[in-house]
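Undergrad: Got a structure here, written out as structure tokens. Questions coming.
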Amino acid sequence: MERELKLMKGNEAIAEAAIRAGADSYFGYPITPQSEIMEYLMAQKPHERTGMVVLQAESETASINMVYGAAACGKKSMTSSSSPGVSLMQEGLSYIAGAELPCLVVNVQRGGPGLGTIQPSQADYFQTVKGGGHGDYKLITLAPSSVQEMADFVKIAFDLAFKYRNPAMILSDGAIGQMMEKVYLDPQVPRMKEEELPSWGTQGKKKGQDHKIITSLELESEKQEKVNLRIQAKYRQLEEEEVRFEAISCDDAEYIFVAYGTSARICQKAVDMARERGYKVGLFRPITLYPYPFKQLNKLADQVKGMLSVEMSAGQMVEDVRLAVNGKVKVEHFGRLGGIIHSPDEVFNALLNKIIGG
Amino acid sequence: MDIKDIIKEENLVYKRTNVLTENIMHYCPGCGHGTVHRIIAEVIEEMGIQEETIGVAPVGCAVLAYNYFNVDMQQAAHGRAPAVATGIKRVFPEKFVFSYQGDGDLAAIGTAETIHACNRGENITMIFINNGIYGMTGGQMAPTTLEGMKSSTSPYGRDVEMMGYPLKMTELIANLPGTYYVTRQSVHTPGNVRKTKKAIRMAFENQKLKKGVSFVEVVSNCNSGWKMNPVQANKWMVDNMFPFYPLGDIKVPQDK
Ligand SMILES: Cc1ncc(C[n+]2csc(CCOP(=O)(O)OP(=O)(O)O)c2C)c(N)n1
Ligand code: SF4
């Protein structure tokens, strides 16, 4: 079936894509710059369109735990928020990962720390891919850099979350959430019927079967270690099979930018500027931030002379770029803070000063 | 007469319901938790809803409730059971959903989730075990700890000027339009067990009406946390807990 073309904000695209992906429930709490997600959903009356439940919770703590309850029934469940709200969700995310439940969480990042700013930022990288909550767990993390990807990643994130029974996050930022672009939307996928729900969920004890238990608790250390090892095995598989990235003008590149989301868009402009001036510059864009494209970056390090990691943060992803490159070439960070989006000029100059000239 | 002559099918007067598993409960002897479990399980059996019920266990002594109830169960983070139960009920409005929580869980760390689930009028059954103390972590002060009552974090008795007042959560949520049936019971005598069973039955039946939360508080003992034997604990509960937490219905459906 044909995809439908619309002009939408990134936040609206996520909401519409969620309905069309057959999501069963959304629980959320308002916060700028992502409140349009719940506003759009409420206005769409998804209960009438597909039977999807949309509920405004009393806090992000409550919304992530509502997601837990619905996800543990085997239903496609999601929430969205921005940085301060996602901080409140960390306990719930740890429980969801520990209980091995699938769900989708969208973080439309804003600047911090604290209440920070409502302007875009990419300073939640550490929180997202290095833990955030307690315990050994990972969030499958997709980083869209366009409104189209905001829409497309909803289905991909749900599919991965269900395949691995692990929470998935779309890590976006206020710029992509708020900007309007053309977007091709997939046709409606029907919601799962009761008989199609995954059998591990609590749907009421079936005759002749054991009751289902969803928990993240195991008091015996030997058993708890086994649970942990099982979860870690999933992560190793994810790291082998699910890495996504985009390499733009990298084939002949001598220098590359490494950037995701909004910063990747800026870097793409800077690549054009650099090429016009005769520098062989490319852009490596990780799409999955977990699992991170370590191997691919390591390979690129054999070819290029230096890398500039560009993020709207004080330098978080740069640590993973350095890990990937493992000292083979120089890796530096550039990024504006506090909700400021760096300009292509600034980024290009940073490449000149820190990598090419430096 | 040999004991084998007595243990016979025709002499059977009481049997464990199938809605409880055969797992041996870890509760301290004399604790109310086990009795309330049994009552809930019997109600589920008598209503014939074992296959349509989903329960939510708390963090607290009842965290392992999922090993005892032979129905589909979820374990919630500390205090979050009402939000988890909301998530379940919203995607499965026709199933019977209950949460089971202690006083630290429901009335301290989970206060917001409790009040808002009640205020939204979720069509769930909430069971609240009030033993005036944090049992699981070793007898610390709870929001429900009585004035002057000793606990490991109020070793000289709860000083309300410093530590605040005991919280009557049940009276509080009874004021909310989203609660349909609110009652306070106990399980320390056979008569009270019967009354509590009636209340819990009503609290489950109400889910069919879709008129909001049915909330059953059970004032219970924690002989370990209170540092008493079960008999002393029950007497202490009658003498001290009941005057502050009086038993009986607090909100009954007007249309009943
Ligand atoms: C976030 C968090 N904080 C603290 C704890 C530790 N903790 C476990 S149970 C409990 C208190 C339980 O008391 P209550 O709800 O009254 O139940 P009871 O054990 O008395 O039945 C606490 C504080 C925890 N598990 N999680
Ligand atoms: S510690 Fe208290 S509440 Fe917990 S099982 Fe023992 S008596 Fe019951």
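Residue names in the structure tokens use chain letters A, B, ... in the order shown, residue numbers from 1 in each chain, and ligand numbers from 1 in the order shown.
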For the contact check between chain A and chain B, emit one row per residue of chain A within 8 Å, containing the shortest atom pair and the distance in Å rounded to one decimal, counting only C-alpha atoms, chain then rising number order, as a tab-separated table.
TA:
```
residue	atom	partner	partner_atom	distance
A:Asp24	CA	B:Val91	CA	7.2
A:Ser25	CA	B:Val91	CA	7.1
A:Val53	CA	B:Arg90	CA	6.9
A:Glu58	CA	B:His116	CA	6.7
A:Ala62	CA	B:Ala83	CA	5.4
A:Ser63	CA	B:Ala83	CA	7.3
A:Asn65	CA	B:Val84	CA	5.1
A:Met66	CA	B:Gly87	CA	4.0
A:Val67	CA	B:Gly87	CA	6.1
A:Tyr68	CA	B:Val84	CA	6.2
A:Gly69	CA	B:Val84	CA	4.2
A:Ala70	CA	B:Gly87	CA	4.6
A:Ala72	CA	B:Gln74	CA	7.4
A:Cys73	CA	B:Ile88	CA	6.8
A:Lys75	CA	B:Val91	CA	7.5
A:Glu91	CA	B:Ala77	CA	8.0
A:Gly92	CA	B:Ala77	CA	7.3
A:Tyr95	CA	B:Ala77	CA	7.1
A:Thr202	CA	B:Asp72	CA	5.3
A:Gln203	CA	B:Asp72	CA	7.0
A:Gly204	CA	B:Glu52	CA	4.7
A:Lys205	CA	B:Glu51	CA	4.6
A:Lys206	CA	B:Glu51	CA	6.0
A:Lys207	CA	B:Glu51	CA	7.4
A:Asp210	CA	B:Asn70	CA	7.9
A:His211	CA	B:Asp72	CA	4.9
A:Lys212	CA	B:Asp72	CA	4.7
A:Ile213	CA	B:Met73	CA	4.9
A:Ile214	CA	B:Gln74	CA	4.6
A:Thr215	CA	B:Gln75	CA	4.9
A:Ser216	CA	B:Gln75	CA	7.5
```
Undergrad: Grab me every residue within 10 Å of ligand 1, counting only C-alpha atoms and all ligand atoms, and send it over as a PyMOL selection string.
TA: (chain A and resi 91) or (chain B and resi 27+31-33+58-63+77-80+100-110+128-145+220-222+225)
Undergrad: Give me, as a count of residues only, all polymer residues having an atom no more than 7 Å from stretch 148-152 of chain A, counting only C-alpha atoms and skipping those fewer than 3 positions away in the same chain.
TA: 10
Undergrad: When you count only C-alpha atoms, which of these residues is closest to A:Val347: A:Leu171, A:Ala270, A:Val108, A:Leu197?
TA: A:Ala270
Undergrad: Using backbone DSSP assignments, extract all strand (DSSP E) residues from stretch 115-188 of chain A; output them as a list in words.
TA: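 The strand (DSSP E) subset of stretch 115-188 of chain A is Ile140, Thr141, Leu142, Pro167, Ala168, Met169, Ile170, Leu171, Ser172, Asp173, Met180, Glu181, Lys182, Val183, Tyr184 and Leu185 of chain A.
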Undergrad: Include N, CA, C and O atoms and write out the residues we just selected as a PDB file, in the first residue's frame.
TA:
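Once written, part23.pdb looks like this:
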```pdb
ATOM      1  N   ILE A 140      17.775  -0.055  23.924  1.00  0.00           N
ATOM      2  CA  ILE A 140      17.960  -0.002  22.477  1.00  0.00           C
ATOM      3  C   ILE A 140      17.669   1.445  22.079  1.00  0.00           C
ATOM      4  O   ILE A 140      16.605   1.968  22.397  1.00  0.00           O
ATOM      5  N   THR A 141      18.628   2.112  21.456  1.00  0.00           N
ATOM      6  CA  THR A 141      18.464   3.555  21.245  1.00  0.00           C
ATOM      7  C   THR A 141      18.603   3.939  19.782  1.00  0.00           C
ATOM      8  O   THR A 141      19.634   3.666  19.149  1.00  0.00           O
ATOM      9  N   LEU A 142      17.565   4.571  19.257  1.00  0.00           N
ATOM     10  CA  LEU A 142      17.557   5.046  17.870  1.00  0.00           C
ATOM     11  C   LEU A 142      17.555   6.566  17.873  1.00  0.00           C
ATOM     12  O   LEU A 142      16.800   7.190  18.624  1.00  0.00           O
ATOM     13  N   PRO A 167      13.291  -2.505  26.672  1.00  0.00           N
ATOM     14  CA  PRO A 167      12.807  -1.171  26.301  1.00  0.00           C
ATOM     15  C   PRO A 167      13.641  -0.560  25.178  1.00  0.00           C
ATOM     16  O   PRO A 167      14.862  -0.754  25.142  1.00  0.00           O
ATOM     17  N   ALA A 168      12.977   0.176  24.304  1.00  0.00           N
ATOM     18  CA  ALA A 168      13.657   0.884  23.227  1.00  0.00           C
ATOM     19  C   ALA A 168      13.397   2.371  23.384  1.00  0.00           C
ATOM     20  O   ALA A 168      12.324   2.771  23.836  1.00  0.00           O
ATOM     21  N   MET A 169      14.401   3.161  23.033  1.00  0.00           N
ATOM     22  CA  MET A 169      14.232   4.609  23.131  1.00  0.00           C
ATOM     23  C   MET A 169      14.486   5.262  21.789  1.00  0.00           C
ATOM     24  O   MET A 169      15.404   4.877  21.065  1.00  0.00           O
ATOM     25  N   ILE A 170      13.634   6.245  21.461  1.00  0.00           N
ATOM     26  CA  ILE A 170      13.946   7.155  20.368  1.00  0.00           C
ATOM     27  C   ILE A 170      14.521   8.394  21.023  1.00  0.00           C
ATOM     28  O   ILE A 170      13.838   9.091  21.766  1.00  0.00           O
ATOM     29  N   LEU A 171      15.823   8.633  20.795  1.00  0.00           N
ATOM     30  CA  LEU A 171      16.487   9.782  21.406  1.00  0.00           C
ATOM     31  C   LEU A 171      16.542  10.903  20.380  1.00  0.00           C
ATOM     32  O   LEU A 171      17.357  10.890  19.462  1.00  0.00           O
ATOM     33  N   SER A 172      15.610  11.833  20.545  1.00  0.00           N
ATOM     34  CA  SER A 172      15.511  12.948  19.614  1.00  0.00           C
ATOM     35  C   SER A 172      15.896  14.222  20.357  1.00  0.00           C
ATOM     36  O   SER A 172      16.470  14.170  21.452  1.00  0.00           O
ATOM     37  N   ASP A 173      15.611  15.358  19.773  1.00  0.00           N
ATOM     38  CA  ASP A 173      15.850  16.616  20.495  1.00  0.00           C
ATOM     39  C   ASP A 173      14.809  17.637  20.066  1.00  0.00           C
ATOM     40  O   ASP A 173      14.068  17.422  19.114  1.00  0.00           O
ATOM     41  N   MET A 180       9.035  21.287  11.097  1.00  0.00           N
ATOM     42  CA  MET A 180       8.071  20.678  10.170  1.00  0.00           C
ATOM     43  C   MET A 180       8.787  20.261   8.900  1.00  0.00           C
ATOM     44  O   MET A 180       9.614  21.005   8.369  1.00  0.00           O
ATOM     45  N   GLU A 181       8.469  19.070   8.449  1.00  0.00           N
ATOM     46  CA  GLU A 181       9.038  18.565   7.196  1.00  0.00           C
ATOM     47  C   GLU A 181       8.003  17.669   6.543  1.00  0.00           C
ATOM     48  O   GLU A 181       7.046  17.231   7.175  1.00  0.00           O
ATOM     49  N   LYS A 182       8.279  17.351   5.299  1.00  0.00           N
ATOM     50  CA  LYS A 182       7.479  16.339   4.611  1.00  0.00           C
ATOM     51  C   LYS A 182       7.721  14.990   5.275  1.00  0.00           C
ATOM     52  O   LYS A 182       8.841  14.687   5.669  1.00  0.00           O
ATOM     53  N   VAL A 183       6.686  14.205   5.353  1.00  0.00           N
ATOM     54  CA  VAL A 183       6.888  12.863   5.899  1.00  0.00           C
ATOM     55  C   VAL A 183       5.951  11.882   5.198  1.00  0.00           C
ATOM     56  O   VAL A 183       4.775  12.186   4.968  1.00  0.00           O
ATOM     57  N   TYR A 184       6.508  10.755   4.805  1.00  0.00           N
ATOM     58  CA  TYR A 184       5.695   9.683   4.214  1.00  0.00           C
ATOM     59  C   TYR A 184       5.300   8.722   5.328  1.00  0.00           C
ATOM     60  O   TYR A 184       6.156   8.187   6.028  1.00  0.00           O
ATOM     61  N   LEU A 185       3.997   8.543   5.474  1.00  0.00           N
ATOM     62  CA  LEU A 185       3.511   7.715   6.579  1.00  0.00           C
ATOM     63  C   LEU A 185       3.060   6.349   6.083  1.00  0.00           C
ATOM     64  O   LEU A 185       2.396   6.239   5.050  1.00  0.00           O
TER      65      LEU A 185
END
```
Undergrad: Run DSSP on the backbone of this structure and report the residues of stretch 184-314 of chain A it assigns to helix (DSSP H, G or I), as a count of residues only.
TA: 48
Undergrad: Nearest residue to ligand 2 out of B:Thr111, B:Asn175, B:Asn234, B:Ser99, using only C-alpha atoms and all ligand atoms?
TA: B:Asn234
